[in-house]
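Source file: input_35.csv (CSV, C-alpha atoms)
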chain,number,residue,atom,x,y,z
A,86,MET,CA,-188.2,125.7,141.2
A,87,THR,CA,-178.9,113.9,148.5
A,88,THR,CA,-176.0,112.8,150.4
A,89,LYS,CA,-174.9,109.8,152.2
A,90,SER,CA,-172.8,111.9,154.5
A,91,THR,CA,-175.2,110.8,157.3
A,92,THR,CA,-173.9,112.9,160.3
A,93,THR,CA,-174.0,116.2,158.4
A,94,TRP,CA,-177.4,115.4,156.8
A,95,LYS,CA,-179.1,114.6,160.1
A,96,ARG,CA,-178.7,118.2,161.0
A,97,ILE,CA,-180.0,119.4,157.5
A,98,GLY,CA,-182.9,116.9,157.5
A,99,ALA,CA,-184.1,118.3,160.8
A,100,LEU,CA,-183.7,121.8,159.6
A,101,ALA,CA,-185.6,121.0,156.4
A,102,LEU,CA,-188.5,119.6,158.4
A,103,SER,CA,-188.6,122.6,160.8
A,104,LEU,CA,-188.5,125.0,157.9
A,105,THR,CA,-191.3,123.3,156.1
A,106,MET,CA,-193.4,123.4,159.3
A,107,ALA,CA,-192.5,127.1,159.8
A,108,TRP,CA,-193.6,127.9,156.3
A,109,GLY,CA,-197.0,126.6,157.1
A,110,LEU,CA,-197.2,129.0,160.1
A,111,GLY,CA,-195.7,132.1,158.6
A,112,PRO,CA,-192.5,133.8,157.4
A,113,VAL,CA,-189.3,132.0,158.3
A,114,HIS,CA,-186.6,134.1,159.9
A,115,MET,CA,-183.2,133.2,158.6
A,116,GLN,CA,-179.7,134.2,159.8
A,117,SER,CA,-179.2,137.9,159.5
A,118,ASP,CA,-176.6,139.5,157.3
A,119,ALA,CA,-174.8,140.8,160.4
A,120,SER,CA,-174.5,137.3,162.0
A,121,ALA,CA,-173.6,135.7,158.7
A,122,ALA,CA,-170.8,138.2,158.2
A,123,SER,CA,-169.3,137.4,161.6
A,124,SER,CA,-168.6,133.8,160.5
A,125,PRO,CA,-165.0,133.4,159.3
A,126,THR,CA,-166.2,130.9,156.6
A,127,CYS,CA,-169.2,132.9,155.4
A,128,GLY,CA,-169.3,132.6,151.6
A,129,SER,CA,-165.6,131.8,151.2
A,130,GLY,CA,-163.8,129.0,149.4
A,131,ASP,CA,-165.2,125.5,149.2
A,132,HIS,CA,-166.5,125.5,152.8
A,133,GLY,CA,-164.4,122.4,153.5
A,134,LEU,CA,-166.6,120.3,151.2
A,135,SER,CA,-164.2,119.3,148.3
A,136,ALA,CA,-162.6,116.3,150.0
A,137,ALA,CA,-165.8,114.8,151.2
A,138,LEU,CA,-167.6,115.4,147.9
A,139,ASN,CA,-164.8,113.9,145.9
A,140,LYS,CA,-164.5,110.8,148.2
A,141,GLY,CA,-168.2,109.9,148.1
A,142,SER,CA,-169.5,111.2,144.8
A,143,GLY,CA,-169.1,108.0,142.8
A,144,VAL,CA,-167.2,109.9,140.2
A,145,GLU,CA,-163.9,110.1,142.1
A,146,ASP,CA,-161.8,110.3,138.9
A,147,GLN,CA,-163.6,113.4,137.7
A,148,ARG,CA,-163.3,117.0,139.0
A,149,LEU,CA,-166.2,118.4,140.9
A,150,GLN,CA,-168.6,120.1,138.6
A,151,PHE,CA,-171.9,121.8,139.2
A,152,THR,CA,-174.9,121.1,137.0
A,153,ASP,CA,-177.9,122.9,138.4
A,154,ILE,CA,-179.2,125.2,141.1
A,155,ASP,CA,-182.7,125.5,142.7
A,156,PHE,CA,-183.7,128.0,145.4
A,157,LEU,CA,-187.0,127.9,147.3
A,158,ASN,CA,-186.7,131.4,148.6
A,159,ASN,CA,-184.0,134.1,149.0
A,160,THR,CA,-182.0,132.1,151.6
A,161,THR,CA,-182.8,128.4,151.2
A,162,GLY,CA,-181.7,126.3,148.2
A,163,ARG,CA,-179.6,123.5,146.8
A,164,ALA,CA,-176.9,123.1,144.1
A,165,ALA,CA,-176.3,119.8,142.3
A,166,GLY,CA,-173.4,118.3,140.5
A,167,GLU,CA,-172.0,115.1,139.1
A,168,GLY,CA,-172.4,112.8,142.1
A,169,PHE,CA,-173.3,115.3,144.8
A,170,LEU,CA,-175.9,117.7,146.2
A,171,ILE,CA,-175.2,120.6,148.6
A,172,GLY,CA,-177.5,123.0,150.4
A,173,THR,CA,-177.7,126.3,152.3
A,174,SER,CA,-180.3,127.8,154.6
A,175,ASN,CA,-178.5,131.1,155.3
A,176,ALA,CA,-178.2,132.7,151.8
A,177,GLY,CA,-174.9,130.9,151.0
A,178,CYS,CA,-173.0,131.9,154.1
A,179,THR,CA,-172.4,128.2,154.8
A,180,TRP,CA,-173.0,125.1,152.7
A,181,GLN,CA,-173.5,121.5,153.8
A,182,SER,CA,-173.2,118.2,151.9
A,183,ILE,CA,-176.6,116.7,151.5
A,184,TYR,CA,-175.9,113.7,149.1
A,185,THR,CA,-173.0,111.9,147.6
A,186,GLY,CA,-173.4,108.9,145.4
A,187,GLN,CA,-174.1,107.6,141.9
A,188,TRP,CA,-176.5,110.2,140.6
A,189,GLN,CA,-175.2,112.8,138.3
A,190,PHE,CA,-177.9,115.4,138.4
A,191,THR,CA,-178.9,117.3,135.3
A,192,GLN,CA,-182.0,119.2,136.8
A,193,LEU,CA,-183.3,119.8,140.3
A,194,ASP,CA,-186.9,120.7,141.1
A,195,PHE,CA,-188.0,121.0,144.7
A,196,PRO,CA,-191.6,122.2,145.2
A,197,ASN,CA,-191.0,122.4,149.0
A,198,ASN,CA,-188.0,121.8,151.3
A,199,VAL,CA,-188.7,118.2,151.9
A,200,ASN,CA,-190.1,116.7,148.7
A,201,GLY,CA,-188.0,117.0,145.5
A,202,PHE,CA,-187.5,115.6,142.1
A,203,ALA,CA,-184.5,115.5,139.7
A,204,LEU,CA,-183.4,114.3,136.4
A,205,ALA,CA,-180.1,112.4,136.7
A,206,GLN,CA,-177.7,110.1,134.9
A,207,ILE,CA,-175.3,107.4,136.0
A,208,LYS,CA,-171.7,107.4,135.1
A,209,ASP,CA,-170.9,106.1,131.6
A,210,SER,CA,-174.6,106.0,130.7
A,211,ALA,CA,-176.5,108.4,128.4
A,212,LYS,CA,-179.9,107.5,129.8
A,213,THR,CA,-181.6,110.0,132.0
A,214,TYR,CA,-183.7,108.9,134.9
A,215,LEU,CA,-186.4,110.6,137.0
A,216,ILE,CA,-185.7,110.3,140.7
A,217,ARG,CA,-187.5,111.5,143.8
A,218,THR,CA,-186.6,112.3,147.4
A,219,ALA,CA,-188.9,112.6,150.5
A,220,ASP,CA,-186.2,113.7,153.0
A,221,GLY,CA,-184.8,116.9,151.5
A,222,GLY,CA,-182.4,115.2,149.2
A,223,SER,CA,-180.5,112.8,151.4
A,224,HIS,CA,-181.9,109.7,149.7
A,225,TRP,CA,-183.3,109.2,146.2
A,226,LYS,CA,-185.6,106.7,144.7
A,227,ARG,CA,-185.8,106.0,140.9
A,228,LEU,CA,-189.2,106.3,139.3
A,229,ASP,CA,-190.0,104.1,136.4
A,230,THR,CA,-191.0,105.9,133.2
A,231,PRO,CA,-191.0,103.2,130.6
A,232,GLY,CA,-190.7,104.6,127.1
A,233,ILE,CA,-190.4,108.2,128.3
A,234,GLN,CA,-187.1,110.1,128.4
A,235,PHE,CA,-187.7,113.4,130.1
A,236,LYS,CA,-185.7,116.5,129.0
A,237,ARG,CA,-187.2,118.8,131.6
A,238,ILE,CA,-189.5,118.6,134.6
A,239,ASN,CA,-191.7,121.1,136.4
A,240,PHE,CA,-193.5,120.1,139.7
A,241,ILE,CA,-196.1,122.5,141.1
A,242,SER,CA,-196.5,120.4,144.3
A,243,LYS,CA,-195.2,117.1,145.7
A,244,ASN,CA,-197.9,115.4,143.7
A,245,GLU,CA,-198.7,117.4,140.6
A,246,GLY,CA,-196.2,118.2,137.9
A,247,TYR,CA,-195.3,118.1,134.2
A,248,GLY,CA,-192.6,116.3,132.3
A,249,TYR,CA,-191.3,117.3,128.9
A,250,THR,CA,-189.6,115.1,126.4
A,251,TYR,CA,-187.9,116.2,123.2
A,252,ASN,CA,-191.2,116.4,121.4
A,253,GLY,CA,-194.0,115.8,123.9
A,254,ALA,CA,-195.6,116.5,127.3
A,255,TYR,CA,-196.9,114.5,130.2
A,256,ARG,CA,-198.7,115.2,133.5
A,257,THR,CA,-198.6,113.4,136.8
A,258,GLN,CA,-201.0,113.8,139.8
A,259,ASP,CA,-199.4,111.2,142.1
A,260,GLY,CA,-195.8,112.4,142.5
A,261,GLY,CA,-194.4,110.9,139.3
A,262,LEU,CA,-195.6,107.3,139.8
A,263,THR,CA,-197.8,107.5,136.7
A,264,TRP,CA,-197.9,109.8,133.8
A,265,THR,CA,-200.6,110.9,131.3
A,266,GLU,CA,-199.6,112.0,127.9
A,267,ILE,CA,-200.9,115.4,126.7
A,268,ASN,CA,-201.9,115.9,123.1
A,269,THR,CA,-199.4,118.1,121.3
A,270,PRO,CA,-199.2,119.2,117.7
A,271,ALA,CA,-197.1,117.3,115.1
A,272,ASN,CA,-193.4,118.3,114.9
A,273,THR,CA,-193.5,119.8,118.4
A,274,ARG,CA,-190.0,120.6,119.7
A,275,SER,CA,-190.8,122.2,123.1
A,276,VAL,CA,-193.9,122.4,125.4
A,277,ALA,CA,-194.8,124.2,128.6
A,278,PHE,CA,-198.0,124.2,130.7
A,279,THR,CA,-198.9,126.5,133.5
A,280,THR,CA,-202.2,124.8,134.4
A,281,ASP,CA,-204.0,121.6,133.4
A,282,LYS,CA,-205.7,123.7,130.7
A,283,GLN,CA,-203.2,126.4,129.6
A,284,GLY,CA,-200.2,125.4,127.6
A,285,TYR,CA,-197.8,126.4,124.8
A,286,ALA,CA,-195.9,124.6,122.1
A,287,VAL,CA,-193.1,125.4,119.6
A,288,VAL,CA,-193.6,123.5,116.3
A,289,VAL,CA,-191.0,123.0,113.6
A,290,VAL,CA,-192.2,123.5,110.0
A,291,PRO,CA,-189.5,122.1,107.7
A,292,GLY,CA,-188.6,124.4,104.9
A,293,SER,CA,-190.2,127.3,106.7
A,294,GLY,CA,-189.2,127.8,110.3
A,295,TYR,CA,-191.1,127.8,113.6
A,296,HIS,CA,-194.7,128.2,114.8
A,297,LEU,CA,-195.7,129.3,118.3
A,298,LEU,CA,-199.0,127.8,119.5
A,299,TRP,CA,-201.3,127.9,122.6
A,300,THR,CA,-204.1,125.8,124.0
A,301,SER,CA,-206.7,126.7,126.7
A,302,ASP,CA,-208.3,123.2,126.9
A,303,GLY,CA,-205.4,121.0,127.9
A,304,GLY,CA,-204.1,120.3,124.4
A,305,LYS,CA,-207.4,119.2,122.7
A,306,ASN,CA,-207.1,122.2,120.4
A,307,TRP,CA,-204.1,124.3,119.5
A,308,THR,CA,-204.0,127.8,118.0
A,309,THR,CA,-201.1,129.3,116.0
A,310,SER,CA,-200.3,132.8,117.2
A,311,LEU,CA,-196.9,133.4,115.4
A,312,ARG,CA,-195.0,132.1,112.4
A,313,ILE,CA,-191.3,132.7,112.3
A,314,VAL,CA,-189.2,132.3,109.2
A,315,SER,CA,-185.9,130.5,109.7
A,316,ALA,CA,-183.3,128.9,107.5
A,317,ALA,CA,-182.5,126.4,110.3
A,318,TRP,CA,-184.8,124.8,112.9
A,319,THR,CA,-182.5,122.9,115.2
A,320,GLY,CA,-184.6,123.0,118.4
A,321,ALA,CA,-186.3,125.2,121.0
A,322,ASP,CA,-186.8,125.8,124.7
A,323,LEU,CA,-190.1,127.1,126.1
A,324,TYR,CA,-190.8,128.6,129.5
A,325,ALA,CA,-194.1,129.8,131.0
A,326,ASN,CA,-195.3,131.3,134.3
A,327,GLY,CA,-198.5,133.2,135.0
A,328,LYS,CA,-199.3,135.2,131.9
A,329,GLN,CA,-195.8,135.3,130.5
A,330,VAL,CA,-194.3,132.9,128.0
A,331,TRP,CA,-190.8,132.9,126.6
A,332,ALA,CA,-189.4,130.9,123.6
A,333,VAL,CA,-185.7,130.3,122.8
A,334,LEU,CA,-185.5,129.3,119.1
A,335,TYR,CA,-182.2,127.9,117.8
A,336,GLY,CA,-180.6,128.5,114.5
A,337,ASP,CA,-177.3,126.9,113.4
A,338,ALA,CA,-174.0,126.7,115.4
A,339,GLY,CA,-170.4,126.9,114.3
A,340,MET,CA,-167.0,128.2,115.4
A,341,SER,CA,-168.2,128.0,119.1
A,342,GLN,CA,-171.0,130.4,118.2
A,343,GLN,CA,-174.8,129.8,118.5
A,344,SER,CA,-177.4,131.7,116.5
A,345,TYR,CA,-180.7,132.0,118.4
A,346,SER,CA,-183.7,134.2,118.9
A,347,LEU,CA,-185.6,135.1,122.1
A,348,TYR,CA,-189.4,135.7,121.9
A,349,ALA,CA,-191.7,136.8,124.7
A,350,SER,CA,-195.4,137.1,125.3
A,351,GLY,CA,-197.1,138.9,128.2
A,352,ASN,CA,-200.6,137.7,127.5
A,353,GLU,CA,-200.6,133.9,127.6
A,354,GLY,CA,-199.1,133.5,124.1
A,355,ARG,CA,-201.7,135.4,122.2
A,356,ASN,CA,-199.2,138.1,121.0
A,357,TRP,CA,-195.4,137.9,120.8
A,358,ARG,CA,-192.5,140.2,120.4
A,359,GLN,CA,-188.9,139.4,119.3
A,360,VAL,CA,-186.7,140.4,122.2
A,361,PHE,CA,-183.5,139.9,120.2
A,362,ALA,CA,-182.1,137.8,117.3
A,363,GLN,CA,-178.5,136.8,117.9
A,364,SER,CA,-177.1,136.1,114.4
A,365,THR,CA,-173.5,135.0,114.3
A,366,ALA,CA,-170.8,134.5,111.7
A,367,GLY,CA,-170.4,130.9,112.7
A,368,GLY,CA,-174.1,130.0,113.1
A,369,GLY,CA,-175.6,132.2,110.4
A,370,PRO,CA,-178.9,134.2,110.7
A,371,ALA,CA,-181.0,133.8,113.8
A,372,PRO,CA,-184.6,132.7,113.5
A,373,GLY,CA,-186.7,135.7,112.4
A,374,GLY,CA,-183.6,137.8,111.7
A,375,ASN,CA,-181.9,137.8,108.3
A,376,SER,CA,-178.9,140.1,109.2
A,377,LEU,CA,-176.4,140.8,111.9
A,378,GLY,CA,-177.0,143.5,114.5
A,379,LYS,CA,-180.5,142.8,115.8
A,380,GLY,CA,-179.3,142.5,119.4
A,381,LYS,CA,-177.5,139.9,121.3
A,382,GLY,CA,-178.0,137.6,124.3
A,383,PRO,CA,-176.0,137.5,127.5
A,384,ALA,CA,-172.2,136.7,127.7
A,385,ASP,CA,-171.5,138.3,124.3
A,386,PRO,CA,-169.5,137.6,122.1
A,387,GLY,CA,-170.6,134.2,121.2
A,388,GLY,CA,-172.9,133.6,124.2
A,389,HIS,CA,-174.9,130.4,124.4
A,390,PRO,CA,-178.2,130.4,126.2
A,391,GLY,CA,-178.6,128.6,129.5
A,392,ASN,CA,-182.0,128.4,131.3
A,393,ILE,CA,-184.7,131.0,131.9
A,394,ALA,CA,-186.1,132.0,135.3
A,395,LEU,CA,-189.6,133.6,135.4
A,396,ILE,CA,-191.1,135.5,138.3
A,397,GLY,CA,-194.7,136.7,138.2
A,398,ASN,CA,-196.2,138.1,135.0
A,399,GLN,CA,-193.4,140.5,134.0
A,400,THR,CA,-189.9,139.5,135.2
A,401,ALA,CA,-187.6,137.2,133.3
A,402,TYR,CA,-183.9,136.3,133.5
A,403,LEU,CA,-181.8,134.3,130.9
A,404,SER,CA,-178.5,132.8,131.8
A,405,GLY,CA,-175.7,132.6,129.3
A,406,GLY,CA,-172.1,131.6,128.8
A,407,SER,CA,-169.5,132.1,126.1
A,408,PRO,CA,-166.8,129.4,125.4
A,409,ALA,CA,-165.0,131.8,123.1
A,410,ALA,CA,-164.9,134.7,125.6
A,411,GLY,CA,-164.6,132.5,128.7
A,412,LYS,CA,-167.3,134.3,130.7
A,413,VAL,CA,-170.9,134.0,132.0
A,414,GLY,CA,-173.7,136.5,132.3
A,415,ILE,CA,-177.4,137.1,132.4
A,416,GLY,CA,-180.0,139.0,130.5
A,417,ARG,CA,-183.1,140.4,132.2
A,418,SER,CA,-186.5,142.1,131.5
A,419,TYR,CA,-188.9,143.5,134.0
A,420,ASP,CA,-191.7,144.2,131.5
A,421,ALA,CA,-192.3,140.9,129.7
A,422,GLY,CA,-189.7,141.5,127.1
A,423,SER,CA,-190.4,145.1,126.1
A,424,THR,CA,-187.0,146.1,127.2
A,425,TRP,CA,-183.9,143.9,127.7
A,426,LYS,CA,-180.5,144.3,129.4
A,427,ASN,CA,-177.4,142.1,129.5
A,428,VAL,CA,-175.0,141.9,132.5
A,429,ASP,CA,-171.7,140.1,132.6
A,430,LEU,CA,-170.2,138.5,135.7
A,431,ASP,CA,-166.7,139.1,136.9
A,432,GLY,CA,-165.3,135.6,137.0
A,433,THR,CA,-164.4,132.7,134.8
A,434,GLY,CA,-166.5,130.0,133.3
A,435,TYR,CA,-168.3,129.5,130.0
A,436,SER,CA,-171.7,128.0,131.0
A,437,SER,CA,-174.2,128.7,133.7
A,438,ARG,CA,-177.7,128.1,135.2
A,439,ILE,CA,-179.8,130.3,137.3
A,440,SER,CA,-182.6,130.3,140.0
A,441,PHE,CA,-184.5,133.5,140.9
A,442,PRO,CA,-186.9,133.0,143.8
A,443,SER,CA,-187.9,136.7,143.8
A,444,VAL,CA,-187.7,139.7,141.4
A,445,LYS,CA,-184.3,141.0,142.4
A,446,THR,CA,-182.7,138.2,144.4
A,447,GLY,CA,-181.2,135.3,142.4
A,448,TRP,CA,-178.5,132.7,142.2
A,449,LEU,CA,-176.1,131.7,139.4
A,450,VAL,CA,-174.0,128.5,139.2
A,451,VAL,CA,-171.1,128.2,136.9
A,452,THR,CA,-171.5,124.7,135.3
A,453,SER,CA,-168.3,124.6,133.3
A,454,ASN,CA,-165.4,122.7,134.8
A,455,ASP,CA,-163.1,125.7,135.3
A,456,SER,CA,-163.8,127.6,138.5
A,457,PRO,CA,-167.1,126.0,139.4
A,458,ALA,CA,-168.8,128.5,141.7
A,459,ILE,CA,-172.1,129.9,142.9
A,460,TYR,CA,-172.9,133.6,143.0
A,461,GLU,CA,-175.8,135.6,144.6
A,462,THR,CA,-177.3,138.9,143.4
A,463,THR,CA,-179.8,141.0,145.4
A,464,ASP,CA,-180.1,143.8,142.8
A,465,GLY,CA,-181.4,142.0,139.7
A,466,GLY,CA,-177.9,140.9,138.5
A,467,SER,CA,-176.2,144.3,138.5
A,468,THR,CA,-173.7,143.0,141.1
A,469,TRP,CA,-172.8,139.5,142.2
A,470,LYS,CA,-171.2,138.0,145.3
A,471,GLN,CA,-169.4,134.7,145.2
A,472,LYS,CA,-170.8,132.3,147.8
A,473,ILE,CA,-168.8,129.1,147.1
A,474,LEU,CA,-165.8,128.1,144.9
A,475,LEU,CA,-164.8,124.5,144.2
A,476,PRO,CA,-161.4,123.5,142.8
A,477,GLY,CA,-161.4,123.7,139.0
A,478,GLU,CA,-159.2,122.8,136.2
For this file, produce the structure as structure tokens.
Amino acid sequence: MTTKSTTTWKRIGALALSLTMAWGLGPVHMQSDASAASSPTCGSGDHGLSAALNKGSGVEDQRLQFTDIDFLNNTTGRAAGEGFLIGTSNAGCTWQSIYTGQWQFTQLDFPNNVNGFALAQIKDSAKTYLIRTADGGSHWKRLDTPGIQFKRINFISKNEGYGYTYNGAYRTQDGGLTWTEINTPANTRSVAFTTDKQGYAVVVVPGSGYHLLWTSDGGKNWTTSLRIVSAAWTGADLYANGKQVWAVLYGDAGMSQQSYSLYASGNEGRNWRQVFAQSTAGGGPAPGGNSLGKGKGPADPGGHPGNIALIGNQTAYLSGGSPAAGKVGIGRSYDAGSTWKNVDLDGTGYSSRISFPSVKTGWLVVTSNDSPAIYETTDGGSTWKQKILLPGE
């Protein structure tokens, strides 16, 4: 699942409100491919945004760099960067500046087209703040979370959502104003909840490896469903949607190489399968794999995992990027991890994030500082079309 360029945003703010009203009445009819193709600027270059974004971003001495992307449906979405936010409502044919200012976004989460949340930093500060918008991203308000440093957020609606720290989980029912801590097991390294009752956790067991657990009573009781032997236990990322759960388990890293394993469950964490174990020469064996050759993730060789996008109970995408190879890519599964395919992108970059609002249509943003760009796929990642390119290094 923010610009102070006021003239431009007045048009976008009105559009955001009209789209939200339209969603309540039925399907929204966006600009057709034929009309989009007739525009001379459709999906080309920087859409004239570079100068304006550089001038007002609050990080003028830095190059423009994307950090995240979030699409509500196949045509309407936003992309964030260090000091700016842009948006499109016609599948990337045209983009508009929504916000420029002090916030350097690290994650976007818009449950609808008007209300949104983000994790963001301020230049020269390592602290991450939770911020909220009620006008589509034009203006942002900081929410106080004393003693809580969120690593990831997931809002189900404008009021209800979850926030995850390095080793814990919290729930809000008032739009992030207050948070209730959820009980999690000792040595937790990642958590994900799909409802107020159903949740999952990755636990580190020093000297042994990782354990995968689930709860059906909101964290009061946790059940271990899989134990994974690993010589290293450097962290994990957990994603859940519907009945499917995915866990990225990290081994060691070295020589620009990351060892990691991907595990998937299609029945709410009761049973798991190892999708692949990417062992590397620089990072050593992946968790659950003691030798090379057990499969690789996207952007091989030396691919590093980005984020995971889940659709329904079966479909999953994983973004990736390779600093060594200078490329980005995705991996995908349409059957909850039973089969897996990696697809490289034609283009430069070495890190990426994705947003898939539907099974076959998705968006990828290159987050490295060379050739920052956004791409769209309508066939599950087999082919990609560039929709915006900002000046890079």
Counting only C-alpha atoms, what is within 7 Å of A:Val428, bar same-chain residues fewer than 5 positions away, as a tab-separated table (two decimals) with C-alpha atoms, in the coordinates of the input?
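Contents of the output file out11.tsv:
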chain	number	residue	atom	x	y	z
A	383	PRO	CA	-176.00	137.50	127.50
A	414	GLY	CA	-173.70	136.50	132.30
A	415	ILE	CA	-177.40	137.10	132.40
A	416	GLY	CA	-180.00	139.00	130.50
A	466	GLY	CA	-177.90	140.90	138.50
A	467	SER	CA	-176.20	144.30	138.50
- Query: Neighbours of stretch 282-286 of chain A within 10 Å (only C-alpha atoms; same-chain residues fewer than 6 positions away dropped), as an MDAnalysis selection string?
  - Reply: chainID A and resid 252:254 269:270 272:276 296:305 307:309 321:325 327:328 330:332 353:354
Quick one: everything within 12 Å of A:Met340, counting all atoms listed in the file, minus sequence neighbours fewer than 6 positions away in the same chain. Send it as a PDB file with C-alpha atoms, in the coordinates of the input.
ATOM      1  CA  THR A 365    -173.500 135.000 114.300  1.00  0.00           C
ATOM      2  CA  ALA A 366    -170.800 134.500 111.700  1.00  0.00           C
ATOM      3  CA  GLY A 367    -170.400 130.900 112.700  1.00  0.00           C
ATOM      4  CA  GLY A 368    -174.100 130.000 113.100  1.00  0.00           C
ATOM      5  CA  GLY A 369    -175.600 132.200 110.400  1.00  0.00           C
ATOM      6  CA  PRO A 386    -169.500 137.600 122.100  1.00  0.00           C
ATOM      7  CA  GLY A 387    -170.600 134.200 121.200  1.00  0.00           C
ATOM      8  CA  GLY A 388    -172.900 133.600 124.200  1.00  0.00           C
ATOM      9  CA  SER A 407    -169.500 132.100 126.100  1.00  0.00           C
ATOM     10  CA  PRO A 408    -166.800 129.400 125.400  1.00  0.00           C
ATOM     11  CA  ALA A 409    -165.000 131.800 123.100  1.00  0.00           C
TER      12      ALA A 409
END
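Atom to atom, atom CA of A:Gln189 and atom CA of A:Leu170 stand 9.3 Å apart.
Using all atoms listed in the file, the nearest neighbour of A:Tyr251 within the list A:Gly320, A:Pro196, A:Gly382, A:Gly186 is A:Gly320.
Closest approach to A:Ile238 among A:His224, A:Glu266, A:Ala165, A:Phe202 is made by A:Phe202 (distances from all atoms listed in the file).
Across the model, the gap from atom CA of A:Ser350 to atom CA of A:Ala362 is 15.5 Å.
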- Message: Give me, as an MDAnalysis selection string, all polymer residues having an atom no more than 8 Å from A:Ser453, counting all atoms listed in the file and skipping those fewer than 4 positions away in the same chain.
- Response: chainID A and resid 150:151 434:437 457
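Between A:Lys412 and the residues A:Ala137, A:Val451, A:Ile241, A:Ile393, the shortest atom-to-atom distance, using only C-alpha atoms, involves A:Val451.
Picture a line from atom CA of A:Ala458 to atom CA of A:Ile207; it runs 22.8 Å.
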- Sphere at (-190.3, 128.0, 107.6), radius 9 Å, counting all atoms listed in the file: residues as a ChimeraX atom specification: /A:289-296,312-318
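If only C-alpha atoms are the atoms counted, then among A:Lys426, A:Gln359, A:Ala164, A:Phe278 the closest residue to A:Leu334 is A:Gln359.
The smallest atom-to-atom distance between A:Asn356 and any of A:Val333, A:Ala421, A:Val450, A:Ile396, using all atoms listed in the file, is found for A:Ala421.
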- Item | Among the residues A:Leu204, A:Ile473, A:Ile183, A:Ala349, the one that comes closest to A:Asn326 [using all atoms listed in the file] | A:Ala349
- Query: At a cut-off of 6 Å from (-187.3, 122.7, 140.9) in the coordinates of the file, what residues are picked up using all atoms listed in the file, written as a PyMOL selection string?
  - Reply: chain A and resi 86+155+193-195
- Message: For A:Thr173, find every residue with an atom within 8 Å (counting all atoms listed in the file), except residues of its own chain fewer than 6 positions away, and show them as a ChimeraX atom specification.
- Response: /A:160-163,179-181
